[in-house]
Amino acid sequence: MLDEKRLVEKAIKAMENAYAPYSGFRVGACALASDGSEFTGSNIENASYGLTVCAERVALFKAYSEGKRNIVALAVAAGVDEPVSPCGACRQVILELAPEAIVLLSNRDGSKVMRTSPKELLPYGFKL
Ligand code: THU
C-alpha cells in the first residue's frame with residue numbers, strides 16, 4: 001500500500017538540497033520503485049541557465065541509472081502555495097520513464113497535494 005503522505009514528505013525534504021542560486025525556486029522530488037527503493041532529486045541549476053536540471057528528472061535519472069525502471073510513484077514538491085506544476089520537458093520524461101506512476105504534486109508543506117498521472121499531465125505525448 002502506497003504511503004502517499006510519506007513520499008510527499010520525502011519530496012519536501014529533498015527541497016533542502018536544491019542548488020538554485022539563480023531562481024531561488026527550490027524543488028524536491030522522490031521516485032518510488034516497485035521493490036520499495038526510493039530516489040530523491042532536487043533541482044540543480046547552472047550559471048548557463050539552460051543546463052539546469054529539474055528535480056523530477058534528477059530523481060528519475062537516479063532511479064534508472066541504478067537499474068530501477070519500474071517506478072510506481074513520483075512525488076514532487078516546491079516552495080509555493082499551490083501544488084507545483086511540472087515543466088513540459090519533465091512531463092515528457094515522466095511519461096517515458098514512469099508511465100504507470102502515481103504522480104503526487106505538492107505545495108511547500110504538503111497541505112495541498114494533487115494526485116495525477118503521466119498521461120493526464122501530457123496527453124498525446126511524443127513516443128517513438
Ligand atoms: N523546476 C523544477 O525542478 N521542477 C519543476 O517542475 C519546475 C521547475 C526548477 C527548474 C529551475 O531550477 C527552477 O525550478 C525555476 O524554474
# chains A, B, ... in the order shown; residues from 1 in each chain; ligands from 1
$ residues_near_ligand --ligand "ligand 1" --cutoff "7 Å" --atoms "only C-alpha atoms and all ligand atoms" --output "JSON, numbers by chain"
{"A": [20, 23, 25, 26, 27, 42, 43, 44, 45, 52, 53, 54, 55, 56, 84, 85, 86, 87, 90]}
$ residues_around --residues "Leu60 in chain A" --least-positions-apart "4" --cutoff "10 Å" --atoms "only C-alpha atoms" --output "PyMOL selection string"
chain A and resi 29-33+38-41+55-56+64-66+68-69+71+74+90+93-94+97-98
$ write_last_selection --atoms "N, CA and C atoms" --output "PDB file, in the first residue's frame"
ATOM      1  N   ALA A  29      11.915  16.113  -5.256  1.00  0.00           N
ATOM      2  CA  ALA A  29      11.141  15.002  -5.812  1.00  0.00           C
ATOM      3  C   ALA A  29      11.580  13.707  -5.141  1.00  0.00           C
ATOM      4  N   CYS A  30      10.695  12.712  -5.192  1.00  0.00           N
ATOM      5  CA  CYS A  30      11.071  11.381  -4.713  1.00  0.00           C
ATOM      6  C   CYS A  30      10.355  10.336  -5.560  1.00  0.00           C
ATOM      7  N   ALA A  31      11.151   9.486  -6.199  1.00  0.00           N
ATOM      8  CA  ALA A  31      10.611   8.404  -7.032  1.00  0.00           C
ATOM      9  C   ALA A  31      10.654   7.108  -6.232  1.00  0.00           C
ATOM     10  N   LEU A  32       9.542   6.387  -6.266  1.00  0.00           N
ATOM     11  CA  LEU A  32       9.451   5.094  -5.570  1.00  0.00           C
ATOM     12  C   LEU A  32       9.408   3.974  -6.605  1.00  0.00           C
ATOM     13  N   ALA A  33      10.333   3.017  -6.487  1.00  0.00           N
ATOM     14  CA  ALA A  33      10.367   1.870  -7.398  1.00  0.00           C
ATOM     15  C   ALA A  33       9.567   0.708  -6.810  1.00  0.00           C
ATOM     16  N   GLU A  38      13.830   4.042  -3.041  1.00  0.00           N
ATOM     17  CA  GLU A  38      13.423   5.438  -3.261  1.00  0.00           C
ATOM     18  C   GLU A  38      14.603   6.265  -3.737  1.00  0.00           C
ATOM     19  N   PHE A  39      14.312   7.209  -4.623  1.00  0.00           N
ATOM     20  CA  PHE A  39      15.354   8.048  -5.201  1.00  0.00           C
ATOM     21  C   PHE A  39      14.889   9.491  -5.134  1.00  0.00           C
ATOM     22  N   THR A  40      15.599  10.289  -4.366  1.00  0.00           N
ATOM     23  CA  THR A  40      15.227  11.695  -4.258  1.00  0.00           C
ATOM     24  C   THR A  40      15.947  12.508  -5.323  1.00  0.00           C
ATOM     25  N   GLY A  41      15.411  13.669  -5.616  1.00  0.00           N
ATOM     26  CA  GLY A  41      16.038  14.591  -6.554  1.00  0.00           C
ATOM     27  C   GLY A  41      15.726  16.010  -6.156  1.00  0.00           C
ATOM     28  N   ALA A  55      14.161  18.824 -10.612  1.00  0.00           N
ATOM     29  CA  ALA A  55      14.161  17.814  -9.555  1.00  0.00           C
ATOM     30  C   ALA A  55      13.577  16.476 -10.019  1.00  0.00           C
ATOM     31  N   GLU A  56      12.508  16.538 -10.807  1.00  0.00           N
ATOM     32  CA  GLU A  56      11.852  15.311 -11.272  1.00  0.00           C
ATOM     33  C   GLU A  56      12.808  14.459 -12.092  1.00  0.00           C
ATOM     34  N   TYR A  64      16.848   5.208 -12.731  1.00  0.00           N
ATOM     35  CA  TYR A  64      17.210   4.435 -13.931  1.00  0.00           C
ATOM     36  C   TYR A  64      18.686   4.062 -13.927  1.00  0.00           C
ATOM     37  N   SER A  65      19.536   4.982 -13.508  1.00  0.00           N
ATOM     38  CA  SER A  65      20.975   4.690 -13.523  1.00  0.00           C
ATOM     39  C   SER A  65      21.353   3.676 -12.464  1.00  0.00           C
ATOM     40  N   GLU A  66      20.440   3.424 -11.507  1.00  0.00           N
ATOM     41  CA  GLU A  66      20.672   2.369 -10.512  1.00  0.00           C
ATOM     42  C   GLU A  66      19.927   1.099 -10.912  1.00  0.00           C
ATOM     43  N   LYS A  68      16.694   0.713 -11.619  1.00  0.00           N
ATOM     44  CA  LYS A  68      15.297   0.620 -11.181  1.00  0.00           C
ATOM     45  C   LYS A  68      14.396   1.276 -12.216  1.00  0.00           C
ATOM     46  N   ARG A  69      13.662   0.467 -12.942  1.00  0.00           N
ATOM     47  CA  ARG A  69      12.876   1.001 -14.063  1.00  0.00           C
ATOM     48  C   ARG A  69      11.372   0.925 -13.856  1.00  0.00           C
ATOM     49  N   ILE A  71       8.875   2.380 -11.905  1.00  0.00           N
ATOM     50  CA  ILE A  71       8.573   3.460 -10.952  1.00  0.00           C
ATOM     51  C   ILE A  71       7.063   3.467 -10.689  1.00  0.00           C
ATOM     52  N   LEU A  74       5.714   8.948  -8.010  1.00  0.00           N
ATOM     53  CA  LEU A  74       6.660  10.067  -8.051  1.00  0.00           C
ATOM     54  C   LEU A  74       6.018  11.250  -7.339  1.00  0.00           C
ATOM     55  N   CYS A  90       9.829  17.962 -18.275  1.00  0.00           N
ATOM     56  CA  CYS A  90       9.694  16.902 -17.264  1.00  0.00           C
ATOM     57  C   CYS A  90       8.469  16.030 -17.539  1.00  0.00           C
ATOM     58  N   VAL A  93       9.541  13.478 -19.969  1.00  0.00           N
ATOM     59  CA  VAL A  93      10.424  12.467 -19.355  1.00  0.00           C
ATOM     60  C   VAL A  93       9.627  11.550 -18.418  1.00  0.00           C
ATOM     61  N   ILE A  94       8.726  12.126 -17.655  1.00  0.00           N
ATOM     62  CA  ILE A  94       7.910  11.307 -16.745  1.00  0.00           C
ATOM     63  C   ILE A  94       7.088  10.299 -17.546  1.00  0.00           C
ATOM     64  N   LEU A  97       9.650   7.527 -18.663  1.00  0.00           N
ATOM     65  CA  LEU A  97      10.373   6.755 -17.646  1.00  0.00           C
ATOM     66  C   LEU A  97       9.488   6.228 -16.514  1.00  0.00           C
ATOM     67  N   ALA A  98       8.316   6.821 -16.359  1.00  0.00           N
ATOM     68  CA  ALA A  98       7.434   6.369 -15.268  1.00  0.00           C
ATOM     69  C   ALA A  98       5.983   6.375 -15.734  1.00  0.00           C
TER      70      ALA A  98
END
$ residues_around --residues "Glu82 in chain A" --least-positions-apart "4" --cutoff "10 Å" --atoms "only C-alpha atoms" --output "number ranges by chain"
A: 77-78, 105-114
$ write_last_selection --atoms "C-alpha atoms" --output "PDB file, in the first residue's frame"
ATOM      1  CA  ALA A  77       7.148  19.485  -4.079  1.00  0.00           C
ATOM      2  CA  ALA A  78       8.093  23.151  -4.396  1.00  0.00           C
ATOM      3  CA  LEU A 105       2.216  17.202  -6.791  1.00  0.00           C
ATOM      4  CA  SER A 106       2.587  19.091  -3.553  1.00  0.00           C
ATOM      5  CA  ASN A 107       2.864  22.633  -2.302  1.00  0.00           C
ATOM      6  CA  ARG A 108       5.535  23.714   0.216  1.00  0.00           C
ATOM      7  CA  ASP A 109       4.239  21.858   3.265  1.00  0.00           C
ATOM      8  CA  GLY A 110       2.111  19.017   1.908  1.00  0.00           C
ATOM      9  CA  SER A 111      -1.148  20.745   2.862  1.00  0.00           C
ATOM     10  CA  LYS A 112      -2.244  20.705  -0.794  1.00  0.00           C
ATOM     11  CA  VAL A 113      -1.456  17.613  -2.857  1.00  0.00           C
ATOM     12  CA  MET A 114      -2.752  16.861  -6.332  1.00  0.00           C
TER      13      MET A 114
END
$ closest_residue --among "A:Lys127, A:Arg115, A:Lys13, A:Arg57" --to "Ala73 in chain A" --atoms "only C-alpha atoms"
A:Arg115
$ select_by_dssp --residues "range 2-116 of chain A" --states "helix (DSSP H, G or I)" --output "PyMOL selection string"
chain A and resi 4-17+55-65+88-97
$ atom_distance --atom1 "CA of Ala11 in chain A" --atom2 "CA of Tyr124 in chain A"
27.3 Å
$ select_by_dssp --residues "range 23-100 of chain A" --states "strand (DSSP E)" --output "PyMOL selection string"
chain A and resi 27-33+38-42+71-78
$ write_last_selection --atoms "N, CA, C and O atoms" --output "short mmCIF file (atom, residue, chain, number, x, y, z; two decimals), in the first residue's frame"
data_model
loop_
_atom_site.label_atom_id
_atom_site.label_comp_id
_atom_site.auth_asym_id
_atom_site.auth_seq_id
_atom_site.Cartn_x
_atom_site.Cartn_y
_atom_site.Cartn_z
N VAL A 27 12.91 22.97 -5.59
CA VAL A 27 12.00 21.87 -5.92
C VAL A 27 12.62 20.57 -5.41
O VAL A 27 13.84 20.38 -5.48
N GLY A 28 11.78 19.68 -4.91
CA GLY A 28 12.23 18.36 -4.47
C GLY A 28 11.35 17.29 -5.08
O GLY A 28 10.19 17.54 -5.41
N ALA A 29 11.91 16.11 -5.26
CA ALA A 29 11.14 15.00 -5.81
C ALA A 29 11.58 13.71 -5.14
O ALA A 29 12.69 13.62 -4.59
N CYS A 30 10.70 12.71 -5.19
CA CYS A 30 11.07 11.38 -4.71
C CYS A 30 10.36 10.34 -5.56
O CYS A 30 9.12 10.35 -5.65
N ALA A 31 11.15 9.49 -6.20
CA ALA A 31 10.61 8.40 -7.03
C ALA A 31 10.65 7.11 -6.23
O ALA A 31 11.67 6.78 -5.61
N LEU A 32 9.54 6.39 -6.27
CA LEU A 32 9.45 5.09 -5.57
C LEU A 32 9.41 3.97 -6.60
O LEU A 32 8.55 3.98 -7.51
N ALA A 33 10.33 3.02 -6.49
CA ALA A 33 10.37 1.87 -7.40
C ALA A 33 9.57 0.71 -6.81
O ALA A 33 9.26 0.68 -5.61
N GLU A 38 13.83 4.04 -3.04
CA GLU A 38 13.42 5.44 -3.26
C GLU A 38 14.60 6.26 -3.74
O GLU A 38 15.73 6.05 -3.29
N PHE A 39 14.31 7.21 -4.62
CA PHE A 39 15.35 8.05 -5.20
C PHE A 39 14.89 9.49 -5.13
O PHE A 39 13.90 9.86 -5.77
N THR A 40 15.60 10.29 -4.37
CA THR A 40 15.23 11.70 -4.26
C THR A 40 15.95 12.51 -5.32
O THR A 40 16.97 12.09 -5.87
N GLY A 41 15.41 13.67 -5.62
CA GLY A 41 16.04 14.59 -6.55
C GLY A 41 15.73 16.01 -6.16
O GLY A 41 14.72 16.27 -5.48
N SER A 42 16.61 16.91 -6.52
CA SER A 42 16.34 18.34 -6.33
C SER A 42 16.82 19.07 -7.56
O SER A 42 17.62 18.53 -8.33
N ILE A 71 8.88 2.38 -11.90
CA ILE A 71 8.57 3.46 -10.95
C ILE A 71 7.06 3.47 -10.69
O ILE A 71 6.27 3.65 -11.62
N VAL A 72 6.70 3.25 -9.44
CA VAL A 72 5.27 3.16 -9.12
C VAL A 72 4.68 4.49 -8.64
O VAL A 72 3.47 4.69 -8.72
N ALA A 73 5.53 5.37 -8.16
CA ALA A 73 5.03 6.67 -7.71
C ALA A 73 6.13 7.71 -7.78
O ALA A 73 7.32 7.40 -7.63
N LEU A 74 5.71 8.95 -8.01
CA LEU A 74 6.66 10.07 -8.05
C LEU A 74 6.02 11.25 -7.34
O LEU A 74 4.94 11.71 -7.73
N ALA A 75 6.67 11.72 -6.29
CA ALA A 75 6.17 12.90 -5.57
C ALA A 75 7.06 14.09 -5.91
O ALA A 75 8.29 13.94 -6.04
N VAL A 76 6.45 15.24 -6.08
CA VAL A 76 7.18 16.47 -6.40
C VAL A 76 6.65 17.58 -5.49
O VAL A 76 5.44 17.69 -5.28
N ALA A 77 7.57 18.38 -4.96
CA ALA A 77 7.15 19.48 -4.08
C ALA A 77 7.97 20.73 -4.38
O ALA A 77 9.13 20.64 -4.80
N ALA A 78 7.37 21.89 -4.21
CA ALA A 78 8.09 23.15 -4.40
C ALA A 78 7.58 24.18 -3.39
O ALA A 78 6.51 24.02 -2.81
#
$ closest_residue --among "A:Glu96, A:Glu16, A:Asp81, A:Glu9" --to "Leu128 in chain A" --atoms "only C-alpha atoms"
A:Glu96
$ closest_residue --among "A:Val8, A:Met15, A:Leu51, A:Ala63" --to "Ser37 in chain A" --atoms "only C-alpha atoms"
A:Ala63
$ atom_distance --atom1 "CA of Ala101 in chain A" --atom2 "CA of Lys119 in chain A"
9.7 Å
$ atom_distance --atom1 "CA of Ile102 in chain A" --atom2 "CA of Arg6 in chain A"
13.8 Å
$ closest_residue --among "A:Tyr22, A:Asp35, A:Leu95, A:Ala59" --to "Ala47 in chain A" --atoms "only C-alpha atoms"
A:Tyr22
$ closest_residue --among "A:Met1, A:Gly36, A:Val58, A:Ser48" --to "Ala14 in chain A" --atoms "only C-alpha atoms"
A:Val58
$ residues_around --residues "Leu122 in chain A" --least-positions-apart "2" --cutoff "9 Å" --atoms "only C-alpha atoms" --output "ChimeraX atom specification"
/A:88,91-92,95,117-120,124-125
